[in-house]
Structures are given as structure tokens and as C-alpha cells.
Amino acid sequence: MSSAGETTPLLPAHLYVHVPLCRSKCAYCDFYSLPLAGVTEDVSTIAGSLAAQARAWLARDVEPQRLKSIYIGGGTPSLLGLELAGLVALLTTWFPLAPDAEVTVEANPESLDPVLARALADAGVTRVSLGVQSLDDAILSFLERPHDAATARAAAQAVREAGLALSLDLICGIPGQTTQSWIDTLEGALVLRPEHVSVYPLVIEAGTPLSAAVAIGDVPEPDPDVAADMMLLAQHVLAQAGFARYEVANYALPGAESRHNTAYWTGASYLGVGPGAHGMLDATTASAVGFVPARGEDVARLRYSVVCDLREGLTPMPRLDIEVLTAAETRREDVMLGLRLARGVPADQAAVAGAASALETLRAAGLVELVDSRWRTTERGWLLGNEVFSAVWAGE
Amino acid sequence: MTDPTLIRNFSIIAHIDHGKSTLADRMLEITHTIADRDMMEQVLDSMDIERERGITIKAQAVRLEYEADDGVTYQLNLIDTPGHVDFTYEVSRSLAACEGVLLVVDAAQGVEAQTVANAQLAMNAHLEIVPLINKIDLPAADPERVRHEIEEGLAIPADEAVLASAKTGVGVREALEAIVKHVPHPVGDPKAPLKALIFDSYFDAYRGVVALIRVVDGTVGKGMKIRMLATQTVTDVEEVGVRRPANIPVDKLGVGEVGYLITGLKDPSIVKVGDTVTLAHHGTTDPLPGYREVKPMVYTGIFPIDGDQYPELRDALDRLQLNDPALIYDPESSHALGFGFRVGFLGLLHMEVVKERLEREFDLDLLATAPSVEYHIFLTNGTSEFIHSPQDMPDPGTIDHMEEPYLKATVLVPPEYVGAVMELAEGHRASFKDMQYLSKTTVEMHYEMPLSELIMDYFDQLKSRTKGYASLDYEYIGYRQSQLVKLDVLLAGKVVDALSFIVHKDKAFARGKMLTEKLRGIIPRQMFEVPIQAAIGGRIIARETVKAKRKDVLAKCYGGDISRKRKLLEKQKKGKKRMKNVGSIEVPQEAFMAILKVDE
């Protein structure tokens, strides 16, 4: 990885834009978003403000490079309606784009119709990540999702007809979800012909309605063994259909891996724009924009989150919360994130990061293996990833 | 020095939470012993823990100047006593310094177990008892019923009981009047050689040990040479004085007076509560009655979670012992927990308070093992020994028989809960002796039971099974023979010495089974399967398994999640450090106390 003083400062090649709006808050979600009804600005103002925050980066004294990916996530970006297409059009006009750039937007089934899908395709979107979660109406209503299975199928159809790549998000390990319901969801998802599927075991996040329900005993705590079985089942069913698991939660047909998300796991820097968004800069760029001292301190990487609130209006250059990592921390973080990928990390990279002995211990416990000079998780290590990540991060 | 006829020495006794400390505060206020601006809730409870828990741990003494209705100013010495059964001996010494007591009873709660126990201590000490019914401002107050309970249950005339609300101040002056009127003044011989009772002591970093004394005969003053009879220590008097409540030096203390005595002695173990102070030369050889060595009844292992804190733990115990000579400790080592101390306490409350002070005042992370009592073991070779740790139990083949401490427990409870108390007793090897109605609403039940059963969560269960109505008091009645066995717990096939306990053989199977079930819920799932077994002498009597964990992964990790999740992993790692690694198994602290929470 690059470190301070070795490279010319360049803006990252990946751009993330956060649209913190939802029609309603789902029972399990702790992401930053506001209910659309509670926001006074109209969606065109919001889209314009987000675009302005992105553009402000181009005004800084750093050379932009061609974007390899743009990802508009949320929240529910599709709630912006046709303004979302407008936002994409502005970004792809202002920022130089690599010829094969991946441009993804997240959408929820209830706010994605064929008109919007076509508009997005025309604006330069290449890929839609659809928040399907389940194709079982009982489960969807338990999760307080604002859509049903039929709506999800129709939205997927619209994406396909607009000629866009399709990724589906699915959740397993939900209290009340039977194995059969999960199999039906997996098989039903494959019928929609996605190139990419993400599978998440349900996590009870603090502060969500679901965690309150668990606390008072209305809802049983998700059984981690059941979640493990469902994750294994998903891997099996998807593999039959030609999908390889390339990361902890992500499956793709060959060549359809998300390039944007892969950037997160491979130490590439990225810009984050919009309330609650995160970004990452290498030390060279961070010091060129004046976020960290140019020399002296041991800073190799800077992570920031954007602190601003839709309800207070969006300024082009909002306050950023900054976290810096030393060179050693950066190396360990790269190994930790790299082990999320099925292909793992090269043994020499792990050795330089000082993770070799931790990995040897993990290997003895059957969590990682060394294949073709790369460390990668075993099936057990995949499901017990936190043991792997925390050992590598601690360097123990 | 004050004319003894103008002195009244009294103590306030009450069941916990009946308002003793608040009443004392009001007395300090209306006698202007303490300025309003310095008034702090519960002045006499000086430790944070005392104020928070509403309990009194250390005895205190304060002198009040009170101008009575007859126009005369009296010297009232209020001696505040610990209210808890763990400190019965200290209470008895405080009472020995008084001629009377104010018996405080909550107007809603009525007579409770410690009301009875404390009233009996006062009666045994032949003290004048002035009843006071407190909290009459409460909506649930029923002073007539309580008056009846005092007369019926305690055989104390209560028609003149003071009706008071320490909270609002009503009746406080009447209480002081009643003390002046009813409590006898001290009687002693001013010409006789000095005879004074040490009823408490504390350690001052600059002055050394400060003894609180009550002069019985003679006088004591600065520069005198004195002798402590129990320890035969001779020393000079550096200073005497009175407590208002700050120390005010005076030249001399005479017959009947209460105050403090500083000698410059630095070793608290020489200045013993209950000992008699006299003159070094030509003093009395006849000590005041009632002195005894304080002996711990409950023992527990205390270990630092981080082994590096062992020296700090030792220093902290040394420091606490200065003010708490009843605290004793010896180094103990455990295969599972490393180096720590076996610490002896007067009772469970004492244990809790000490552990809390160690953690709070000395910032230590500690792990305590389940408390045990002191067993008397008679060996086949004719010798005997006391052990206070299950680890010290000899090979069963060498044991002829064993004895354990027994106590007489008194439970006061409304009649509708008699059945619940009986049921609980059966599970705790308590044998029923008798019961009597103190009033229509209160039954007094007597049991004899092993101390080891009392510390087995008996009190908490008594409270919960009687919806909080039952109150408990107990006194030790000596050692009795029991059929006892040592029960070991094995984690992943290895005995964890710190989890072993001694139990009656008839209870061993049930407790072993329940403990393993309990531990299965407490020990978190690890990377590998952990069998939990209970065994007696190598024979496995119960087994449970903590399954290996299969799934523990943060599945969603994109740009915004990386910092947050990294911190989460660090936090989890810290949480693990609060656990003790026994072999390769992470065992949370509560596992070592689980045996106490085994419900039957």
C-alpha cells in the first residue's frame, strides 16, 4: 500500500453517496436515515445538495482520477425518484469516469418502477442493488419492510428490462423463518436472474425496535446455530446456480463481483458524500487537502465520516469526523479486511503486517488455511470471522 | 468534666431502614451540634457505601449539648451502632457504653427481626429502653398497631412511646426529653483507678489509632500512662477529647463521659474493641465484662483478575484492615485463579462491603469465589484441624468426622408466609424449633441451621418468597457434626479448584446437577466444546456441555462499517479480559458465585 510522501495526491477512484431517506424505518435497521415524511426539503433539493457536496471535492487542490465506481446507497436512494437519475447524471458529468466504470444504486422494491429503472439506465447507472430481504410475505411484515414479495419480483423484472445488472439483498436467521421459507426465498431469488446476491444473517442492533422486542421477550433472540445452517444452505444453493461466495456475505456469477465493495476490502481509498457517509484517504491525499500534518506524525490512512443533518440543510463542505491510522495499523487493517474475501491475502503481505503468528494460531484452530501462498478462511473461519478479524487486528 | 448526673449516654437501635440515621441527623440539628450549612444527609454514616446502602458499618459517637424543658443543659452522648447482624459484637460493646437506648420502630413496617434482636441485646445489658415510633407521616403508618407489637412482642411498655417523624422533625425534641427523663445517669467512682471501655476504634493517617471510649471509673487525661488489659500494652495518652462530631480536645474525661483517646499507637490490632483501659501503675486488674476476640465466620477467596494487581490487592487489604480489625486474610493460591487471598469476614454483608470498597476505593478488578465457612475436621489419627477453604479438605479416607458451625435463626414474618418459610427451610437443612405470634400480623419462627446453608442465598430467597416481608436475625450456637463431602467441578475434564465447595452429602447430587446446568448458561460458547462435570471424589455425578460456537461474524462490512466494527471487535476483546482464563476457557466472574444462586 502507498504511504505518506511516496505518491502524488489524487482524489480516490471510488465515490460513495449516502441518501439518508427511508419511507419508514425497518424493525432491524440501525443505519442513519430519516423518514421521508419528516423531511421538509423536496427531493430535488436533497439530490442537488448531495451533488454539491460531491462536487466540492473537485474544488480541492487535488488531482481527480477517473472513477472506477460510484455507489449510491442509503437509506433508500430510489425514494428520490427521477431526481436519483438526475443526481447520477450530474456526478457522471462532473467526475471523470473510467470507460468500464461500475455505477450502482440501491433501490427498494416499492420505489422502483420500470420508468425509474429506464431513467437510471439512461443516466449511466449500470447496476441496481435491490433490497428484497425475503420473498416470504410473513417474514417481510415481521421485518416491517414496506413491500411484499410480488412487488420485489416486479421491481427485479423492471431492472432486468432496463438492461441493468441486478444484485439482491437477502436476510437469514430471522426469528420465525423456517428452513423451507429460506429455501423458497433463495430459489425464488434465482428465478429473478440476478448476477449478484448478498446474504446477511440478521443482527439485533442496539436501539432498534427489534432489539426492544427481544429485550422484553416478545421476539426470541436469533439462534446463531440456525443462522450458521442457513448461511451454509445459501452457499450450497447459490453454488448450484453458478454463484461463488467471494466475500463473507457476497456471491456473484463469474466476473460480476461488486467492484465498488471490493475496493473497501482491498485498501483502496474512496470518497464518501452525504450525511453519515464514510470516506477513506491515503496520507498523501489527506495531507494535501489539509486534514493531517504533512510530516511528523505516523499517519498512513485517514477515515472520516460526514457529520451533517438533512433537517438542518446540507452545506457543500460539512464537518468531518476524522480517525487516523498509523502505518502498522493500516497494514493490519488491510489484512483483516482482506481475509473477508474468499481469495484471502498473500502470505507475504500478512507477514509484513505482523499477522503471521496470529494466523498460525488461527490455523491451528482450523479457522484459516494457507493455500498457494495466500491466507484464507476455512468454512469454519468464515462463520467465525470475528475470531479471525480480532486476532489479526490485535496482532495476537 | 461534667457532673455525671447531667450526662445521658444512649444509643439508637432499629431494624435496617427504620430511620435511625435520619433521626440522629435531626438530633444533631436541633441541638446545634452541627451548623445547618454543614448538614449533610446521614452525618454519622461517613462512608459512601454507608450512605448509599443506608446502613451503618462503623460505630460513631457524638456529644450533644441539650437544654431540656427543666432549663438545665445536659450532655447527651449518642453512640450510633451498626445495625446489622454481622456486627452483633460491636453492637453489644456500643450498648455496654450506654445506660439507655432509643428503640426506633417504623410506624408502617412494625417490629422486625433486628428490632427484636437489638431490643434483646439492650435488655440483656439492663438498659432503659425508650420506644420511638418513627415515620408517622407515612400514609401507611399505623402507630397503634406498632405500639401493640412493641408491647406484645417485646414486652416493652409503649404507652409513652414517642411518636416521631425524623424526616419532618416531629417528635425529635420529645425524644430528647424522654432520654433525659427516663435514661439513668451514669454512676461511677471518680476516685477509683481509671476504668474505661473501648467500644470502637479507627485509624487516622496522622494520629494513629483513635479509640472511642466510655469512662466508667476515674479519669483519663493527656500525659497519663495507661494500660490496655487484653493486650497488656502500656502507652502514654497523647490526647483525649470529645466528638461534636469533629474531634475537640479536652483536658480530661471523667466518670460517665464518652470521647476519644489518642495514644500514638499505630497498630490497630493492639487497640481492641471491648478491651478495658486502666492506669499503667496501680490500675485495676478487673476488666469490664464482655470482651472477646472477634472471629470471622465467612471466608472467601479474593483474586485480582489481572494477576499483576496482586501487590496492589495486598496493600489495599492492609489499608482496610487498619480501620477494620475484624478483617483477616492469608495468601491463597489457586491453579485456576493464580495468587490471591483467603479473606475472613464477620458475615455476608461485611464481605460485600469489603469487596466493594476494594474495587471502588482502590480501583481493583477482583474475582471472589463462593463463600465458605470454617469446618472442623477430625482425622482418624486422633488430631483435628480447622479449614476454611474447600481446597484444604484432606483426603476423605483420613477423615473420621466433620463439624460445621450452626446458628439459631429467627424469622419474623406475616402469618400468610409461614408456609413459604417452612418450605425454604427444608431446602436449607434448617430444623424448625418453635414459633409464636408476636401479634396478629407477625409470627416469630425459630430454626437451627448450618451457617453454610444461610450463606447459600437463604436471605435473598427468604425475601423473595415472602415478598420482602420477612426479616431475619441469627446468632451462632456452636459446631455440630454433619455428613459433608467436597464437590469438585471439572471444565473440559480438569478440576477447577476455585469452583469446588463443601456440601452435605444428601444435597450433593441435586446441587451438583443444578450447578452444572447453571454454569452451562453462564460460560459463554467458546471455539471448542466445553464439558462441565460435577464430581465427588472422582465420581462424576452430573454433566452438561457448552456447545462450541459456530457463527460469530460481522457479515455486513462496507465503507461506513469498517471503523465501527473494528471498535466493536476491540470492545469484545476488552469484555473477554474481564473474564478469567481457566486453562484456555474464558470463565466469567459470576460462574464462581453460581453455587450461591442454585435455587431448589
# chains A, B, ... in the order shown; residues from 1 in each chain; ligands from 1
$ interface_residues --of "chain B" --to "chain A" --cutoff "9 Å" --atoms "only C-alpha atoms" --output "MDAnalysis selection string"
chainID B and resid 527 549:563 566 569:570 572:573
$ write_last_selection --atoms "N, CA, C and O atoms" --output "compact mmCIF listing (two decimals), in the first residue's frame"
# COMPACT_ATOMS: atom_id res chain seq x y z
N MET B 527 -14.61 -21.56 21.28
CA MET B 527 -14.29 -22.11 19.95
C MET B 527 -14.39 -23.63 19.95
O MET B 527 -14.40 -24.25 18.90
N LYS B 549 -19.08 -22.70 19.66
CA LYS B 549 -19.83 -21.73 18.87
C LYS B 549 -19.52 -21.91 17.40
O LYS B 549 -18.41 -22.29 17.03
N ARG B 550 -20.54 -21.71 16.58
CA ARG B 550 -20.38 -21.96 15.15
C ARG B 550 -20.37 -20.68 14.34
O ARG B 550 -19.76 -20.63 13.27
N LYS B 551 -21.14 -19.68 14.82
CA LYS B 551 -21.26 -18.47 14.00
C LYS B 551 -21.01 -17.23 14.83
O LYS B 551 -21.63 -17.04 15.87
N ASP B 552 -20.05 -16.47 14.41
CA ASP B 552 -19.75 -15.20 15.06
C ASP B 552 -19.00 -14.37 14.03
O ASP B 552 -17.79 -14.43 13.93
N VAL B 553 -19.75 -13.64 13.24
CA VAL B 553 -19.11 -12.88 12.17
C VAL B 553 -19.93 -11.64 11.86
O VAL B 553 -21.15 -11.67 11.86
N LEU B 554 -19.22 -10.54 11.70
CA LEU B 554 -19.88 -9.31 11.26
C LEU B 554 -19.99 -9.42 9.74
O LEU B 554 -19.01 -9.25 9.03
N ALA B 555 -21.22 -9.74 9.28
CA ALA B 555 -21.35 -10.08 7.87
C ALA B 555 -21.38 -8.85 6.98
O ALA B 555 -20.96 -8.88 5.84
N LYS B 556 -21.91 -7.75 7.53
CA LYS B 556 -22.06 -6.55 6.71
C LYS B 556 -20.90 -5.62 7.01
O LYS B 556 -20.80 -5.09 8.10
N CYS B 557 -20.01 -5.45 6.07
CA CYS B 557 -18.85 -4.61 6.35
C CYS B 557 -18.45 -3.83 5.12
O CYS B 557 -17.65 -4.30 4.30
N TYR B 558 -19.05 -2.65 4.95
CA TYR B 558 -18.73 -1.81 3.81
C TYR B 558 -18.03 -0.55 4.30
O TYR B 558 -17.61 -0.48 5.47
N GLY B 559 -17.98 0.45 3.46
CA GLY B 559 -17.18 1.64 3.79
C GLY B 559 -17.47 2.24 5.14
O GLY B 559 -16.56 2.56 5.90
N GLY B 560 -18.75 2.35 5.47
CA GLY B 560 -19.12 3.01 6.71
C GLY B 560 -18.99 2.13 7.93
O GLY B 560 -19.09 2.60 9.06
N ASP B 561 -18.83 0.83 7.70
CA ASP B 561 -18.86 -0.09 8.83
C ASP B 561 -17.49 -0.38 9.40
O ASP B 561 -17.37 -0.89 10.51
N ILE B 562 -16.45 -0.06 8.62
CA ILE B 562 -15.13 -0.58 8.98
C ILE B 562 -14.66 -0.06 10.34
O ILE B 562 -14.32 -0.84 11.23
N SER B 563 -14.70 1.28 10.54
CA SER B 563 -14.24 1.83 11.81
C SER B 563 -15.09 1.32 12.96
O SER B 563 -14.59 0.89 13.99
N ARG B 566 -14.51 -2.35 13.71
CA ARG B 566 -13.19 -2.55 14.31
C ARG B 566 -13.28 -2.22 15.80
O ARG B 566 -12.76 -2.95 16.65
N LEU B 569 -15.03 -4.94 17.70
CA LEU B 569 -14.16 -6.08 17.97
C LEU B 569 -13.24 -5.79 19.16
O LEU B 569 -12.99 -6.65 20.00
N GLU B 570 -12.76 -4.53 19.22
CA GLU B 570 -11.88 -4.16 20.33
C GLU B 570 -12.65 -4.23 21.65
O GLU B 570 -12.11 -4.66 22.67
N GLN B 572 -15.28 -6.10 22.31
CA GLN B 572 -15.49 -7.51 22.67
C GLN B 572 -14.24 -8.09 23.31
O GLN B 572 -14.31 -8.84 24.27
N LYS B 573 -13.11 -7.71 22.78
CA LYS B 573 -11.84 -8.19 23.30
C LYS B 573 -11.67 -7.74 24.75
O LYS B 573 -11.24 -8.50 25.61
$ select_by_dssp --residues "range 65-132 of chain A" --states "strand (DSSP E)" --output "number ranges by chain"
A: 67-74, 97-107, 127-132
$ closest_residue --among "B:Gly264, B:Pro325, B:Gly344, B:Gly221" --to "Tyr299 in chain B" --atoms "only C-alpha atoms"
B:Gly344
$ atom_distance --atom1 "CA of Asp106 in chain B" --atom2 "CA of Tyr437 in chain B"
19.1 Å
$ atom_distance --atom1 "CA of Asp100 in chain A" --atom2 "CA of Thr126 in chain A"
9.6 Å
$ residues_around --residues "Pro77 in chain A" --least-positions-apart "2" --cutoff "10 Å" --atoms "only C-alpha atoms" --output "PyMOL selection string"
chain A and resi 17-22+47+72-75+79-81+83-84+105-108+111-112
